[in-house]
Amino acid sequence: MIATNLILVLVVLTNLKLLGSSRIGSSIRVVAAQGVVLGLLPVVAHVHDLSLRFAVLAVGTVAIKGIVFPWFLFRAVREADVAREVEPYVGYVTSLLSGVVILAISFWMCMRLPMPETLASSWLAPVAIFSIFAGLFLIVSRKRALSQVLGFLVLENGVYTFGVGLAPQSSLLVEAGVLLDVFVAVFVMGITIFHINREFDHINTDQLNTLKD
Amino acid sequence: MILALVLLPMLAGLVAFGLPTPVLRRGLLVGTALVHAMLTATFWKITPATALNGWLALDAAGLLFLSITSGLFFVASIYAAGYLGQEANRHNTDPEEGLLFDNAPEAVFIGCMLLFLAAMTLVTVSQHFGLIWVAIEGTTLASAPLIYYHRHHRSLEATWKYLLICSVGIALALLANFFLGVAAAHPDRESYPIVLSQLVAHAQDLQTPWLKVACLLFFVGYGTKMGLAPMHTWLPDAHSEAPSVVSALLSGAVLNCAFLGLLRMQQVCVAANLELFTRDVWIALGLVSLVVSAVFIIGQTDYKRLLAYSSVENMGIMAIGIGLGTVGAFGAMLHAVNHSLVKAMLFLLAGNIVARYQTKNILQVRGLLRAAPVTGVLWVAGFLAITGTPPFGPFMSKFTILKAALDGGHIWITTIFLAMLGVIFIGMTTAFLGMAQGEAEKLAVSASNRDRWWQIIPPAALGVLVLWLGLNVPAKLGDVLHQIASTLGGPS
């Protein structure tokens, strides 16, 4: 229980760090760290009924989120060869404060829902929901396509956190499928970023505004 | 058998990435589509055995949507083969801004098309909610490279929006899956997987608050992919910038796949006696979609965007149908078939018009009936069909939904429904008839520009089908539609 809560605290801290971070490089590292920590979550949360399934899931998650994604995203940054700032629409301090407010709201919301007894920790649901909202916030408040991908990853991490807490209801086939989808999603988004950069000489999405009515 | 249906296009797709000669690749595309369609046709006679512990099974709803997908893909593959032949090794000039651009490699295009088919097939045959989610996200990922076939900044923008908006939406649907898992968990007994049949069987034990939250998240998540307003913002961009044959598949098949995801949820809700709760959401989303599409159809200058907004409208009509109970659900299912056929036909014809006039602007297309008589006649026929004029199929399905609304005594729904259909009819009449009539420019009628057989046969075939469905719904199809409607409507 203590180890699980420690991981959840780390997830909260990484999210707050991301909201206040100004550099793309450090943001990628933080998201990678969050991925590794979350990869360990299924093992820690189900330490008493540990099975091969959780081990496979943990190894797969750590490998993809901790190694493959950061390598691929750093490559995208290098290829794009742009200034390393995240260029927010919303300032860093405001982002951070919004993060704290979102965190409070998440805890408040989850106190009002009847939680299932299978959840590994009572903090799990609020932290998951906090990650989801933090991810959404990052997507809408950052100009760089790459930051938006990081936001998507944080959002997905939030959904994953919730899923791990409910692991008995899930199955390896579906989890592997989900992981594969996320992997391909980031892969396709990375390629698209490469093309955006080649087409526009930068990766700011505020230039993507031709199509409208 | 079911597994083969999914694996066949998947393997063919992977092979297509490596095939060196264009003729082989296009042959593979059409051949796979043909085999897939024939397999699907046999499933109307023989129900295939379930696979993977009952996670893959073909029920009535799956069969209907599988048939739509498979049939449309076969027709589209013929068009695509011809289209790719025409586009091969050509440096293109963008008609709107005059910039030069390349096409994506053909191997990538065909490979993604086939993977796309595999993902859509998986959506229709999955009974497990997790698997449905994986497959729907798969359709997004496989189709994104197709939208970016013409490599210029507008298609890139459309691809990026499509990827990001749909991925975020679908991530919320994943959360809904987990909530559904919580709703199904019970401290006193064995937990079971979130498979449709199990959930329906144990529906009375589901925890209602969690099921409701899951429902709302499903509506947001899959509703985004289905193109229900106000989550439809990716749709007009993606449909207008993708090659027309891809737009046809997006509109005719992908939107339906997301719709099926929502129908699965509805089946669980009906079994859990929650249909009064979901009905309101269906109707609200449907009416908003109708109003939003009407606003953007009036005065629209781009005919592919016009067709895209018409898809938003029709998805709204189907949503209203589901919200009206069993009779409405029957109409909605029939409308799903009709809309897919007509919209695919119209998008393929739009492809012919783009090729001939080199513009997507409604005002710059004149004299279609003279310049290209066959395309022109089909274009007008498609217009009559999509706006719900008898004797075409959509008239029957829209009428059924309208009747359900009137019989239920829903005066407000009926009024808004009819008013919006009227506004949309006027908007579309101005656009379509303006394009069809008048004198054609010289460029458009030149002999080198005549329609090829592959530009005519696929849309014409779809048109004939729609006309036939309007005159007579085959008994077998009617049975399937009734079966589906009875699981969706609940007591009225």
# chains A, B, ... in the order shown; residues from 1 in each chain; ligands from 1
>>> interface_residues(of="chain B", to="chain A", cutoff="7 Å", atoms="only C-alpha atoms", output="PyMOL selection string")
chain B and resi 130-131+134+137-138+141+153-154+156-157+160+168+171+175+178+181-182+191-193+237
>>> residues_around(residues="stretch 12-24 of chain A", least_positions_apart="6", cutoff="6 Å", atoms="only C-alpha atoms", output="list in words")
Arg84, Glu85, Val86, Tyr92, Ser95 and Leu96 of chain A
>>> closest_residue(among="B:Tyr303, B:Phe296, B:Tyr309, B:Trp210", to="B:Met435", atoms="only C-alpha atoms")
B:Tyr303
>>> residues_around(residues="A:Trp123", least_positions_apart="3", cutoff="9 Å", atoms="only C-alpha atoms", output="list in words")
Asn5, Leu8, Phe107, Cys110, Ala120, Pro126, Val127 and Ala128 of chain A
>>> residues_around(residues="B:Leu384", least_positions_apart="6", cutoff="9 Å", atoms="only C-alpha atoms", output="tab-separated table (two decimals) with C-alpha atoms, in the first residue's frame")
chain	number	residue	atom	x	y	z
B	390	PRO	CA	-38.89	9.34	-52.71
B	392	PHE	CA	-34.86	6.46	-52.79
B	429	THR	CA	-30.60	22.33	-53.60
>>> select_by_dssp(residues="stretch 30-184 of chain A", states="alpha helix (DSSP H)", output="ChimeraX atom specification")
/A:30-45,52-61,69-80,92-111,124-141,145-165,172-184
>>> residues_around(residues="B:Gly434", least_positions_apart="6", cutoff="10 Å", atoms="only C-alpha atoms", output="VMD selection string")
chain B and resid 362 to 368 428
>>> residues_around(residues="B:Glu97", least_positions_apart="3", cutoff="12 Å", atoms="only C-alpha atoms", output="PyMOL selection string")
(chain A and resi 210) or (chain B and resi 92-94+100-101+152-154+358-360)
>>> closest_residue(among="A:Tyr89, A:Arg75, A:Val62, A:Ile7", to="A:Leu41", atoms="only C-alpha atoms")
A:Ile7
>>> closest_residue(among="B:Thr40, B:Thr301, B:Ser486, B:Gln455", to="B:Ile78", atoms="only C-alpha atoms")
B:Gln455
>>> closest_residue(among="A:Val31, A:Ile105, A:Leu97, A:Ile64", to="A:Ser147", atoms="only C-alpha atoms")
A:Val31
